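Novice: Sharing protein17.txt, compact mmCIF, C-alpha atoms and all ligand atoms:
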# COMPACT_ATOMS: atom_id res chain seq x y z
CA MET U 282 -8.39 -22.95 -1.52
CA VAL U 283 -5.78 -21.07 -3.53
CA TYR U 284 -4.28 -17.61 -3.20
CA ASN U 285 -3.59 -15.97 -6.54
CA PHE U 286 -0.51 -13.71 -6.49
CA ALA U 287 -0.56 -13.07 -10.25
CA ALA U 288 0.51 -9.64 -11.49
CA GLY U 289 -2.33 -9.51 -14.02
CA PRO U 290 -4.71 -10.91 -15.01
CA SER U 291 -5.12 -11.29 -11.30
CA VAL U 292 -7.47 -11.97 -8.43
CA LEU U 293 -10.92 -10.37 -8.63
CA PRO U 294 -13.36 -9.80 -5.76
CA GLN U 295 -15.47 -12.86 -5.15
CA GLU U 296 -18.58 -10.75 -4.66
CA ALA U 297 -18.20 -9.38 -8.20
CA LEU U 298 -17.64 -12.85 -9.67
CA LEU U 299 -20.68 -14.25 -7.84
CA LYS U 300 -22.87 -11.42 -9.07
CA ALA U 301 -21.67 -12.02 -12.63
CA GLN U 302 -22.38 -15.72 -12.20
CA ALA U 303 -25.91 -15.06 -10.94
CA GLU U 304 -26.58 -12.72 -13.88
CA LEU U 305 -24.71 -14.71 -16.51
CA LEU U 306 -27.66 -16.22 -18.37
CA ASP U 307 -30.23 -13.51 -17.82
CA TYR U 308 -29.06 -9.96 -17.29
CA ALA U 309 -31.69 -7.76 -15.60
CA GLY U 310 -34.60 -9.70 -17.07
CA SER U 311 -33.33 -9.24 -20.63
CA GLY U 312 -33.30 -13.01 -21.19
CA MET U 313 -29.71 -12.67 -22.41
CA SER U 314 -26.20 -12.63 -21.08
CA VAL U 315 -24.38 -9.29 -20.98
CA MET U 316 -22.12 -10.81 -23.64
CA GLU U 317 -25.11 -11.09 -25.95
CA LEU U 318 -26.49 -7.59 -25.46
CA THR U 319 -26.14 -5.03 -28.22
CA HIS U 320 -23.80 -2.27 -27.16
CA ARG U 321 -26.32 0.32 -28.32
CA GLY U 322 -29.31 -1.02 -26.37
CA LYS U 323 -30.75 0.37 -23.16
CA GLU U 324 -29.28 -2.34 -20.90
CA PHE U 325 -25.69 -1.86 -21.99
CA THR U 326 -26.08 1.92 -22.09
CA ALA U 327 -27.09 1.75 -18.42
CA ILE U 328 -24.05 -0.44 -17.63
CA ILE U 329 -21.47 1.81 -19.28
CA GLU U 330 -23.01 4.96 -17.84
CA HIS U 331 -23.03 3.44 -14.36
CA ALA U 332 -19.41 2.25 -14.74
CA GLU U 333 -18.28 5.74 -15.69
CA GLU U 334 -20.31 7.38 -12.94
CA THR U 335 -18.93 5.02 -10.29
CA LEU U 336 -15.32 5.40 -11.45
CA ARG U 337 -15.76 9.19 -11.41
CA GLU U 338 -17.06 8.99 -7.87
CA LEU U 339 -14.30 6.64 -6.69
CA MET U 340 -11.44 8.68 -8.15
CA HIS U 341 -13.08 12.11 -7.69
CA ILE U 342 -12.62 12.75 -11.41
CA PRO U 343 -13.44 16.40 -12.16
CA ASP U 344 -16.05 17.25 -14.82
CA ASN U 345 -13.43 18.66 -17.18
CA TYR U 346 -11.99 15.17 -17.71
CA GLN U 347 -13.29 12.50 -20.06
CA VAL U 348 -13.38 8.86 -19.02
CA LEU U 349 -12.82 6.39 -21.86
CA PHE U 350 -13.17 2.61 -21.84
CA LEU U 351 -10.96 1.40 -24.68
CA GLN U 352 -9.21 -1.71 -25.95
CA GLY U 353 -5.62 -2.53 -26.83
CA GLY U 354 -4.23 -2.65 -23.29
CA ALA U 355 -2.01 -0.08 -21.67
CA SER U 356 0.57 -0.82 -24.37
CA THR U 357 -1.56 0.83 -27.06
CA GLN U 358 -1.46 4.00 -24.95
CA PHE U 359 2.31 4.07 -25.39
CA THR U 360 1.49 5.11 -28.99
CA MET U 361 -1.84 6.90 -28.56
CA VAL U 362 -0.51 9.34 -25.98
CA PRO U 363 2.22 10.84 -28.21
CA LEU U 364 0.00 10.63 -31.32
CA ASN U 365 -2.62 12.76 -29.64
CA LEU U 366 -0.54 15.05 -27.48
CA ALA U 367 3.01 15.41 -28.70
CA VAL U 368 2.98 16.44 -32.38
CA GLY U 369 5.48 19.23 -32.95
CA LYS U 370 6.68 19.21 -29.34
CA LYS U 371 9.06 17.62 -26.89
CA ALA U 372 7.80 14.80 -24.67
CA TYR U 373 9.71 13.64 -21.60
CA TYR U 374 9.86 10.09 -20.26
CA VAL U 375 10.95 8.78 -16.88
CA GLU U 376 12.34 5.26 -17.16
CA SER U 377 12.12 3.79 -13.67
CA GLY U 378 10.98 0.36 -14.84
CA SER U 379 10.52 -1.92 -17.84
CA PHE U 380 7.15 -0.43 -18.75
CA GLY U 381 8.50 3.13 -18.59
CA LYS U 382 11.25 2.01 -20.93
CA LYS U 383 8.68 0.44 -23.26
CA ALA U 384 6.66 3.64 -23.30
CA PHE U 385 9.78 5.61 -24.25
CA THR U 386 10.88 3.05 -26.85
CA GLU U 387 7.46 3.19 -28.55
CA ALA U 388 7.59 6.97 -28.54
CA VAL U 389 11.03 6.92 -30.18
CA LYS U 390 9.73 4.57 -32.89
CA LEU U 391 6.77 6.83 -33.54
CA SER U 392 9.00 9.89 -33.76
CA HIS U 393 10.41 8.48 -37.01
CA PHE U 394 6.95 8.95 -38.55
CA ILE U 395 5.54 12.04 -36.89
CA PRO U 396 7.44 15.15 -35.84
CA PHE U 397 8.01 15.22 -32.10
CA GLU U 398 10.98 14.77 -29.81
CA PRO U 399 10.87 12.11 -27.09
CA ILE U 400 13.47 12.77 -24.39
CA SER U 401 14.42 10.50 -21.50
CA LEU U 402 14.77 12.15 -18.10
CA GLY U 403 16.84 9.22 -16.91
CA SER U 404 16.80 5.48 -16.46
CA THR U 405 17.68 3.18 -13.57
CA GLU U 406 17.98 0.18 -15.90
CA SER U 407 21.69 -0.33 -15.20
CA GLN U 408 20.76 -0.90 -11.53
CA ASN U 409 17.91 -3.26 -12.47
CA TYR U 410 15.44 -0.46 -11.75
CA ASN U 411 15.96 -0.97 -8.01
CA HIS U 412 15.00 2.65 -7.34
CA LEU U 413 13.14 5.49 -9.00
CA VAL U 414 14.74 8.04 -11.31
CA GLN U 415 15.14 11.47 -9.72
CA PHE U 416 15.15 14.46 -12.02
CA ASP U 417 15.27 18.19 -11.72
CA ALA U 418 12.31 20.21 -13.00
CA SER U 419 14.77 22.69 -14.49
CA GLU U 420 15.72 20.02 -17.06
CA ILE U 421 12.21 20.25 -18.51
CA ASP U 422 11.38 22.68 -21.28
CA SER U 423 8.16 24.39 -20.20
CA ASP U 424 6.78 24.19 -23.79
CA ALA U 425 6.90 20.39 -23.79
CA ALA U 426 3.77 18.33 -24.39
CA TYR U 427 4.05 16.19 -21.26
CA VAL U 428 6.15 14.27 -18.79
CA HIS U 429 5.32 10.56 -18.77
CA VAL U 430 5.69 8.53 -15.58
CA THR U 431 4.81 4.97 -14.58
CA LEU U 432 3.24 5.26 -11.14
CA ASN U 433 3.75 1.69 -10.05
CA ASN U 434 6.48 -0.44 -11.57
CA THR U 435 4.73 -3.80 -11.68
CA ILE U 436 7.82 -5.88 -12.35
CA GLU U 437 10.33 -4.10 -10.12
CA GLY U 438 8.04 -3.20 -7.20
CA THR U 439 8.55 0.55 -6.85
CA THR U 440 5.94 3.31 -6.71
CA ILE U 441 5.77 7.06 -7.08
CA TYR U 442 3.82 8.31 -4.06
CA GLU U 443 4.82 11.99 -4.37
CA LEU U 444 4.16 13.29 -7.85
CA PRO U 445 7.17 15.05 -9.39
CA ASP U 446 7.59 18.72 -10.15
CA THR U 447 7.32 18.95 -13.95
CA ASN U 448 7.96 22.67 -14.38
CA GLY U 449 4.29 23.19 -15.20
CA VAL U 450 4.34 20.63 -18.02
CA PRO U 451 1.30 18.28 -18.11
CA LEU U 452 1.81 15.00 -16.30
CA VAL U 453 0.82 11.75 -18.03
CA GLY U 454 0.61 8.69 -15.80
CA ASP U 455 0.60 4.98 -16.52
CA MET U 456 -1.47 3.87 -13.52
CA SER U 457 -1.96 0.29 -14.73
CA SER U 458 -0.95 -1.46 -11.55
CA ASP U 459 -2.11 0.87 -8.80
CA ILE U 460 -5.24 2.55 -10.09
CA LEU U 461 -7.86 2.36 -7.29
CA ALA U 462 -5.19 0.94 -4.97
CA PHE U 463 -3.58 4.26 -4.01
CA ASP U 464 -5.45 7.56 -3.91
CA TYR U 465 -3.76 9.84 -6.41
CA GLU U 466 -5.30 13.22 -7.16
CA VAL U 467 -6.62 13.08 -10.72
CA GLU U 468 -6.37 16.85 -11.20
CA LYS U 469 -2.59 16.62 -10.87
CA PHE U 470 -2.56 14.70 -14.18
CA ALA U 471 -3.38 15.73 -17.72
CA LEU U 472 -3.95 12.11 -18.68
CA ILE U 473 -4.05 8.78 -16.84
CA TYR U 474 -4.25 5.36 -18.43
CA ALA U 475 -4.50 1.86 -17.01
CA GLY U 476 -5.01 -1.66 -18.29
CA ALA U 477 -7.92 -3.22 -16.39
CA GLN U 478 -6.46 -6.61 -15.56
CA LYS U 479 -5.01 -5.80 -12.13
CA ASN U 480 -7.22 -3.65 -9.92
CA ILE U 481 -10.21 -3.19 -12.20
CA GLY U 482 -11.48 -6.25 -14.02
CA PRO U 483 -10.69 -8.80 -16.71
CA ALA U 484 -8.09 -8.15 -19.38
CA GLY U 485 -9.38 -6.47 -22.53
CA MET U 486 -10.41 -3.07 -21.27
CA THR U 487 -8.22 0.00 -20.82
CA VAL U 488 -9.27 3.09 -18.90
CA VAL U 489 -8.13 6.49 -20.16
CA ILE U 490 -8.88 9.64 -18.16
CA VAL U 491 -8.03 12.74 -20.15
CA ARG U 492 -8.46 16.45 -19.54
CA ASN U 493 -10.76 18.18 -22.04
CA ASP U 494 -8.28 20.84 -23.16
CA LEU U 495 -6.06 18.09 -24.63
CA LEU U 496 -8.82 16.93 -26.98
CA THR U 497 -7.98 19.23 -29.85
CA ASP U 498 -9.00 18.79 -33.45
CA LYS U 499 -6.78 16.37 -35.38
CA GLU U 500 -8.29 15.82 -38.82
CA ILE U 501 -5.78 13.28 -40.02
CA LEU U 502 -5.59 11.00 -37.02
CA SER U 503 -7.31 7.64 -37.53
CA SER U 504 -10.56 7.60 -35.57
CA MET U 505 -9.69 4.65 -33.32
CA MET U 506 -6.54 6.48 -32.23
CA ASP U 507 -8.20 9.84 -31.62
CA TYR U 508 -9.21 10.56 -28.01
CA ARG U 509 -11.47 13.37 -29.21
CA ILE U 510 -13.55 11.07 -31.42
CA LEU U 511 -13.62 8.31 -28.81
CA ALA U 512 -14.75 10.82 -26.19
CA LYS U 513 -17.39 12.39 -28.46
CA ASN U 514 -18.83 8.90 -28.91
CA HIS U 515 -18.68 8.06 -25.18
CA SER U 516 -16.37 5.07 -25.86
CA LEU U 517 -18.94 3.73 -28.36
CA TYR U 518 -17.27 4.79 -31.60
CA ASN U 519 -16.93 1.09 -32.33
CA THR U 520 -17.96 -2.01 -30.35
CA PRO U 521 -16.41 -1.67 -26.90
CA PRO U 522 -15.30 -4.60 -24.69
CA THR U 523 -18.80 -4.97 -23.29
CA PHE U 524 -18.31 -7.83 -20.86
CA GLY U 525 -15.09 -6.28 -19.53
CA ILE U 526 -16.90 -3.00 -18.90
CA TYR U 527 -19.71 -4.85 -17.11
CA MET U 528 -17.23 -6.76 -14.89
CA SER U 529 -15.33 -3.56 -14.18
CA ASP U 530 -18.57 -1.92 -13.14
CA LEU U 531 -19.14 -4.74 -10.63
CA VAL U 532 -15.60 -4.23 -9.28
CA PHE U 533 -16.12 -0.45 -9.03
CA GLU U 534 -19.25 -1.13 -6.96
CA TRP U 535 -17.24 -3.50 -4.79
CA VAL U 536 -14.51 -0.89 -4.20
CA LYS U 537 -17.24 1.58 -3.25
CA ALA U 538 -18.71 -0.92 -0.78
CA GLN U 539 -15.23 -1.38 0.74
CA GLY U 540 -15.17 2.34 1.55
CA GLY U 541 -13.59 3.70 -1.63
CA VAL U 542 -10.02 4.20 -2.79
CA LYS U 543 -8.66 5.67 0.47
CA ALA U 544 -9.96 2.66 2.37
CA MET U 545 -8.44 0.34 -0.25
CA ALA U 546 -5.08 2.12 0.07
CA GLU U 547 -5.16 1.67 3.86
CA LYS U 548 -5.91 -2.03 3.50
CA ASN U 549 -3.15 -2.37 0.91
CA LEU U 550 -0.72 -0.62 3.24
CA LYS U 551 -1.54 -3.11 6.02
CA LYS U 552 -1.22 -6.11 3.70
CA SER U 553 2.08 -5.02 2.20
CA ALA U 554 3.49 -3.92 5.60
CA LEU U 555 2.97 -7.43 6.95
CA LEU U 556 5.07 -8.91 4.17
CA TYR U 557 7.72 -6.17 4.17
CA GLU U 558 8.10 -6.41 7.96
CA TYR U 559 8.79 -10.09 7.68
CA ILE U 560 11.23 -9.69 4.78
CA ASP U 561 13.05 -6.95 6.72
CA SER U 562 13.25 -9.13 9.83
CA THR U 563 15.21 -11.93 8.19
CA GLU U 564 18.42 -12.30 6.24
CA PHE U 565 16.97 -15.25 4.33
CA TYR U 566 14.74 -13.22 1.98
CA LYS U 567 15.79 -10.07 0.22
CA SER U 568 13.85 -7.26 -1.39
CA PRO U 569 15.53 -5.81 -4.50
CA VAL U 570 14.07 -2.33 -3.84
CA ILE U 571 16.65 -0.15 -2.13
CA ASN U 572 14.55 2.77 -0.85
CA LYS U 573 11.86 1.78 1.62
CA ASN U 574 9.77 4.85 0.84
CA GLU U 575 9.52 3.71 -2.81
CA ARG U 576 8.26 0.20 -2.09
CA SER U 577 5.06 -0.79 -3.85
CA LEU U 578 1.81 -1.62 -2.06
CA CYS U 579 0.76 -3.80 -4.98
CA ASN U 580 3.76 -5.76 -6.27
CA ILE U 581 6.34 -7.11 -3.87
CA PRO U 582 9.33 -8.84 -5.41
CA PHE U 583 11.63 -10.84 -3.14
CA SER U 584 14.15 -13.63 -3.45
CA CYS U 585 16.28 -16.05 -1.44
CA GLY U 586 19.28 -14.72 -3.36
CA ASP U 587 19.85 -18.18 -4.83
CA LYS U 588 18.12 -19.51 -7.97
CA VAL U 589 17.95 -23.09 -6.74
CA LYS U 590 16.23 -22.01 -3.52
CA ASP U 591 13.92 -19.64 -5.39
CA ASP U 592 12.85 -22.42 -7.77
CA LYS U 593 12.22 -24.74 -4.84
CA PHE U 594 10.21 -22.02 -3.07
CA ILE U 595 8.06 -21.42 -6.15
CA GLU U 596 7.40 -25.13 -6.64
CA GLN U 597 6.52 -25.80 -3.00
CA ALA U 598 4.44 -22.63 -2.79
CA ASP U 599 2.48 -23.68 -5.84
CA ARG U 600 1.76 -27.08 -4.33
CA ALA U 601 0.61 -25.39 -1.11
CA GLY U 602 -1.90 -23.25 -3.05
CA PHE U 603 0.15 -20.04 -3.41
CA LYS U 604 -0.29 -19.58 -7.13
CA ASN U 605 1.58 -17.42 -9.63
CA ILE U 606 4.21 -16.25 -7.18
CA LYS U 607 7.06 -16.61 -9.67
CA GLY U 608 8.72 -13.27 -10.40
CA HIS U 609 8.63 -11.75 -13.86
CA ARG U 610 10.82 -13.67 -16.32
CA SER U 611 13.07 -10.63 -16.73
CA VAL U 612 14.06 -10.50 -13.02
CA GLY U 613 13.49 -14.01 -11.61
CA GLY U 614 12.86 -14.67 -7.89
CA MET U 615 9.37 -14.29 -6.50
CA ARG U 616 6.74 -11.59 -6.65
CA ALA U 617 3.63 -11.31 -4.50
CA SER U 618 1.07 -9.10 -6.18
CA LEU U 619 -1.34 -7.91 -3.50
CA TYR U 620 -3.95 -6.03 -5.48
CA ASN U 621 -7.19 -4.69 -3.99
CA ALA U 622 -9.02 -8.03 -4.15
CA PHE U 623 -6.19 -9.97 -2.52
CA PRO U 624 -7.20 -10.83 1.08
CA PHE U 625 -5.20 -10.01 4.23
CA GLU U 626 -5.43 -13.68 5.29
CA GLY U 627 -3.57 -14.60 2.12
CA VAL U 628 -0.60 -12.47 3.20
CA GLU U 629 -0.69 -14.01 6.69
CA ALA U 630 -0.70 -17.47 5.13
CA LEU U 631 2.19 -16.54 2.82
CA VAL U 632 4.30 -15.21 5.71
CA ASP U 633 3.68 -18.47 7.63
CA PHE U 634 4.73 -20.44 4.57
CA MET U 635 7.85 -18.29 4.13
CA LYS U 636 8.84 -18.82 7.78
CA LYS U 637 8.48 -22.57 7.42
CA PHE U 638 10.46 -22.59 4.18
CA GLU U 639 13.19 -20.54 5.83
CA GLU U 640 13.40 -22.98 8.76
CA GLU U 641 13.71 -25.92 6.41
CA ASN U 642 16.18 -24.35 3.99
CA ASP U 643 18.41 -21.96 5.94
N1 LIG K 701 2.21 -0.60 -17.83
C1 LIG K 701 2.29 -1.26 -16.66
C2 LIG K 701 2.72 -0.52 -15.44
C3 LIG K 701 1.98 -2.62 -16.61
O1 LIG K 701 2.07 -3.29 -15.46
C4 LIG K 701 1.57 -3.28 -17.80
C5 LIG K 701 1.18 -4.74 -17.82
N2 LIG K 701 1.66 -5.56 -16.87
C6 LIG K 701 1.53 -2.55 -18.98
C7 LIG K 701 1.84 -1.21 -18.95
C8 LIG K 701 1.12 -3.20 -20.26
O2 LIG K 701 -0.23 -3.45 -20.17
P1 LIG K 701 -1.04 -4.29 -21.25
O3 LIG K 701 -0.61 -5.69 -21.13
O4 LIG K 701 -2.47 -4.04 -20.82
O5 LIG K 701 -0.75 -3.71 -22.59
What would you get if you wrote out this structure as structure tokens?

Specialist:
Amino acid sequence: MVYNFAAGPSVLPQEALLKAQAELLDYAGSGMSVMELTHRGKEFTAIIEHAEETLRELMHIPDNYQVLFLQGGASTQFTMVPLNLAVGKKAYYVESGSFGKKAFTEAVKLSHFIPFEPISLGSTESQNYNHLVQFDASEIDSDAAYVHVTLNNTIEGTTIYELPDTNGVPLVGDMSSDILAFDYEVEKFALIYAGAQKNIGPAGMTVVIVRNDLLTDKEILSSMMDYRILAKNHSLYNTPPTFGIYMSDLVFEWVKAQGGVKAMAEKNLKKSALLYEYIDSTEFYKSPVINKNERSLCNIPFSCGDKVKDDKFIEQADRAGFKNIKGHRSVGGMRASLYNAFPFEGVEALVDFMKKFEEEND
């Protein structure tokens, strides 16, 4: 028995894996694996349509939004978003974590090739991103293309729970690490994107949810970069990540069976509270996040405040079956990623292990 605390690719629901296993060699009587099905045949068409329908239901996605299943990871969206939305305009970025910084950095690179102006609304990098950037809506030019935020900072363990005032400018959200784990209102966003490999499915698929009015005609944009063309072709402009979409569909069904996104968020709150309560109760472990109301439900970094102890913790934890609990290489320490499919018992077992380690090493 192992508990997988990886930040992504990460733990998937066993029910979904078992279903995939049962269907692996013969999908729905086709005599083939999903991996072998043509993406234009009736079986795969039914899969992708069902995946979209279920995701729409789970996130209450309004009809005036398109749902795209793409490739290239969330990182490709750092370029696609400005390419599609920002030409000739200003675009604001909030840098509350490493991925927010990456999004801004990619936008700055792109601005040397196409005319638009990326502007940072602030960064907490000099404080190791230990809290979220606060900004005033009056700083934002109301003609701007968008304000880009990272909803959950996977590495640093902070989350935006209250969406910011953007002075009426469209909000773009990188929801990679808390999509389906916290119930955001889709209509508050102009565009949402998320890599699948945390709360959705295997790596290789990226979800983009984009409001129709942003899909304007862009003759010169390459087709694979153009949301409008990808949407017109229902994510089938080229060969999509078929097996990833199938697995994601199984996970969407699982989330639905768990009671939906609100129910998932409640479970995630209970799981994370158990760990935070323990961390708060002892001097031995420390959380780097300074504001309790910004602490993530999904990614919980902590440390013993001493590299030797942290390394020992990680090694002993690994031997005890607590896998991938090492923090991101950029910050060190430990990180427990408690995504939707991570069980409550796993957090209880981790807290027991942490208590024992504290007794032996304090
Ligand atoms: N944004 C966030 C918030 C992430 O956590 C990650 C991946 N950990 C990325 C972007 C990059 O995603 P990908 O590896 O799918 O490009």

Novice: Within 7 Å of ligand LIG 701 (chain K) (counting all atoms listed in the file), which residues show up? I'd like them as a PyMOL selection string.

Specialist: chain U and resi 288-289+353-357+380+431+433-435+455-458+476

Novice: Which of these residues is nearest to Asp633 in chain U, using all atoms listed in the file: U:Glu437, U:Leu555, U:Ala617, U:Met528?

Specialist: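 For Asp633 in chain U, the nearest of the candidates is U:Leu555.
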
Novice: Of the candidates U:Arg610, U:His429, U:His412, U:Arg321, which one gets nearest to Val362 in chain U if we count only C-alpha atoms?

Specialist: U:His429

Novice: Return the single residue from U:Leu391, U:Ala372, U:Val570, U:Met615 that is closest to Asp592 in chain U, with distances computed using only C-alpha atoms.

Specialist: U:Met615

Novice: So the first atom is CA of Ile400 in chain U and the second is CA of Ala384 in chain U; what is the distance between them in Å, to one decimal place?

Specialist: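 CA of Ala384 in chain U lies 11.4 Å from CA of Ile400 in chain U.
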
Novice: Give me, please, the distance in Å between CA of Gly485 in chain U and CA of Asp530 in chain U, quoted to one decimal.

Specialist: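 It comes out at 13.9 Å.
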
Novice: Nearest to Val368 in chain U: which of U:Thr497, U:Thr326, U:Asn519, U:Gln539 is it, counting all atoms listed in the file?

Specialist: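 Checking each candidate against Val368 in chain U, we get U:Thr497 as the closest.
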
Novice: Around the point (15.9, -17.2, 5.0) (coordinates from the file), which residues reach within 9 Å if we count only C-alpha atoms? Answer as a PyMOL selection string.

Specialist: chain U and resi 560+563-567+585+635-636+638-640+642-643

Novice: I need the chosen residues saved as an mmCIF file, in the coordinates of the input, with C-alpha atoms.

Specialist:
data_model
loop_
_atom_site.group_PDB
_atom_site.id
_atom_site.type_symbol
_atom_site.label_atom_id
_atom_site.label_comp_id
_atom_site.auth_asym_id
_atom_site.auth_seq_id
_atom_site.Cartn_x
_atom_site.Cartn_y
_atom_site.Cartn_z
ATOM 1 C CA ILE U 560 11.230 -9.690 4.780
ATOM 2 C CA THR U 563 15.210 -11.930 8.190
ATOM 3 C CA GLU U 564 18.420 -12.300 6.240
ATOM 4 C CA PHE U 565 16.970 -15.250 4.330
ATOM 5 C CA TYR U 566 14.740 -13.220 1.980
ATOM 6 C CA LYS U 567 15.790 -10.070 0.220
ATOM 7 C CA CYS U 585 16.280 -16.050 -1.440
ATOM 8 C CA MET U 635 7.850 -18.290 4.130
ATOM 9 C CA LYS U 636 8.840 -18.820 7.780
ATOM 10 C CA PHE U 638 10.460 -22.590 4.180
ATOM 11 C CA GLU U 639 13.190 -20.540 5.830
ATOM 12 C CA GLU U 640 13.400 -22.980 8.760
ATOM 13 C CA ASN U 642 16.180 -24.350 3.990
ATOM 14 C CA ASP U 643 18.410 -21.960 5.940
#

Novice: When you count only C-alpha atoms, which of these residues is closest to Asp446 in chain U: U:Ala425, U:Gly586, U:Thr386, U:Ala418?

Specialist: U:Ala418

Novice: Go through U:Tyr308, U:Gln295, U:Val491, U:Lys382 one by one, measure the shortest atom-to-atom distance of each to Asp344 in chain U using all atoms listed in the file, and give the residue with the smallest value.

Specialist: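 Looking at the shortest contact to Asp344 in chain U, the residue is U:Val491.
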
Novice: Could you give me, as a list in words, the residues within 12 Å of Glu629 in chain U, counting all atoms listed in the file and dropping anything in the same chain fewer than 6 positions from it?

Specialist: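 Close residues of Glu629 in chain U: Tyr284, Lys551, Lys552, Ser553, Ala554, Leu555, Leu556, Tyr557, Glu558, Tyr559, Phe603, Leu619, Phe623, Met635 and Lys636 of chain U.
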
Novice: Calculate how many Å separate CA of Thr405 in chain U from CA of Gly381 in chain U, rounding to one decimal.

Specialist: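 Going from CA of Thr405 in chain U over to CA of Gly381 in chain U covers 10.5 Å.
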
Novice: Quick one: residues within 12 Å of Arg600 in chain U, only C-alpha atoms, excluding same-chain residues fewer than 6 positions away - as a PyMOL selection string?

Specialist: chain U and resi 282-284+593-594+606+634

Novice: Once you count all atoms listed in the file, which residues end up no further than 8 Å from (-12.8, -7.7, -18.8) in the file's frame, shown as a list in words?

Specialist: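 Protein and nucleic acid residues near the point are Ala477, Gln478, Gly482, Pro483, Ala484, Gly485, Met486, Pro522, Thr523, Phe524, Gly525, Ile526, Tyr527, Met528 and Ser529 of chain U.
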
Novice: Please provide the set of residues having any atom within 7 Å of Val348 in chain U, restricted to only C-alpha atoms, with same-chain residues fewer than 5 positions apart removed, written as an MDAnalysis selection string.

Specialist: chainID U and resid 333 489:491

Novice: Quick one: residues within 9 Å of Pro343 in chain U, all atoms listed in the file, excluding same-chain residues fewer than 3 positions away - as a ChimeraX atom specification?

Specialist: /U:337,340,346-347,467-468,492

Novice: With all atoms of range 447-453 of chain U from the file as input, state the centre and edge lengths in Å to one decimal of the axis-aligned box that has 4 Å extra on each side, as JSON.

Specialist:
{"center_x": 4.4, "center_y": 17.5, "center_z": -16.0, "size_x": 15.1, "size_y": 19.4, "size_z": 12.2}

Novice: I'd like the neighbourhood of Asp424 in chain U as a PDB file with C-alpha atoms, in the frame of the given file, where a residue qualifies if any of its atoms comes within 10 Å (using all atoms listed in the file), though same-chain residues fewer than 5 positions away should be ignored.

Specialist:
ATOM      1  CA  LYS U 370       6.680  19.210 -29.340  1.00  0.00           C
ATOM      2  CA  LYS U 371       9.060  17.620 -26.890  1.00  0.00           C
ATOM      3  CA  ALA U 372       7.800  14.800 -24.670  1.00  0.00           C
ATOM      4  CA  ASN U 448       7.960  22.670 -14.380  1.00  0.00           C
ATOM      5  CA  GLY U 449       4.290  23.190 -15.200  1.00  0.00           C
ATOM      6  CA  VAL U 450       4.340  20.630 -18.020  1.00  0.00           C
ATOM      7  CA  PRO U 451       1.300  18.280 -18.110  1.00  0.00           C
TER       8      PRO U 451
END
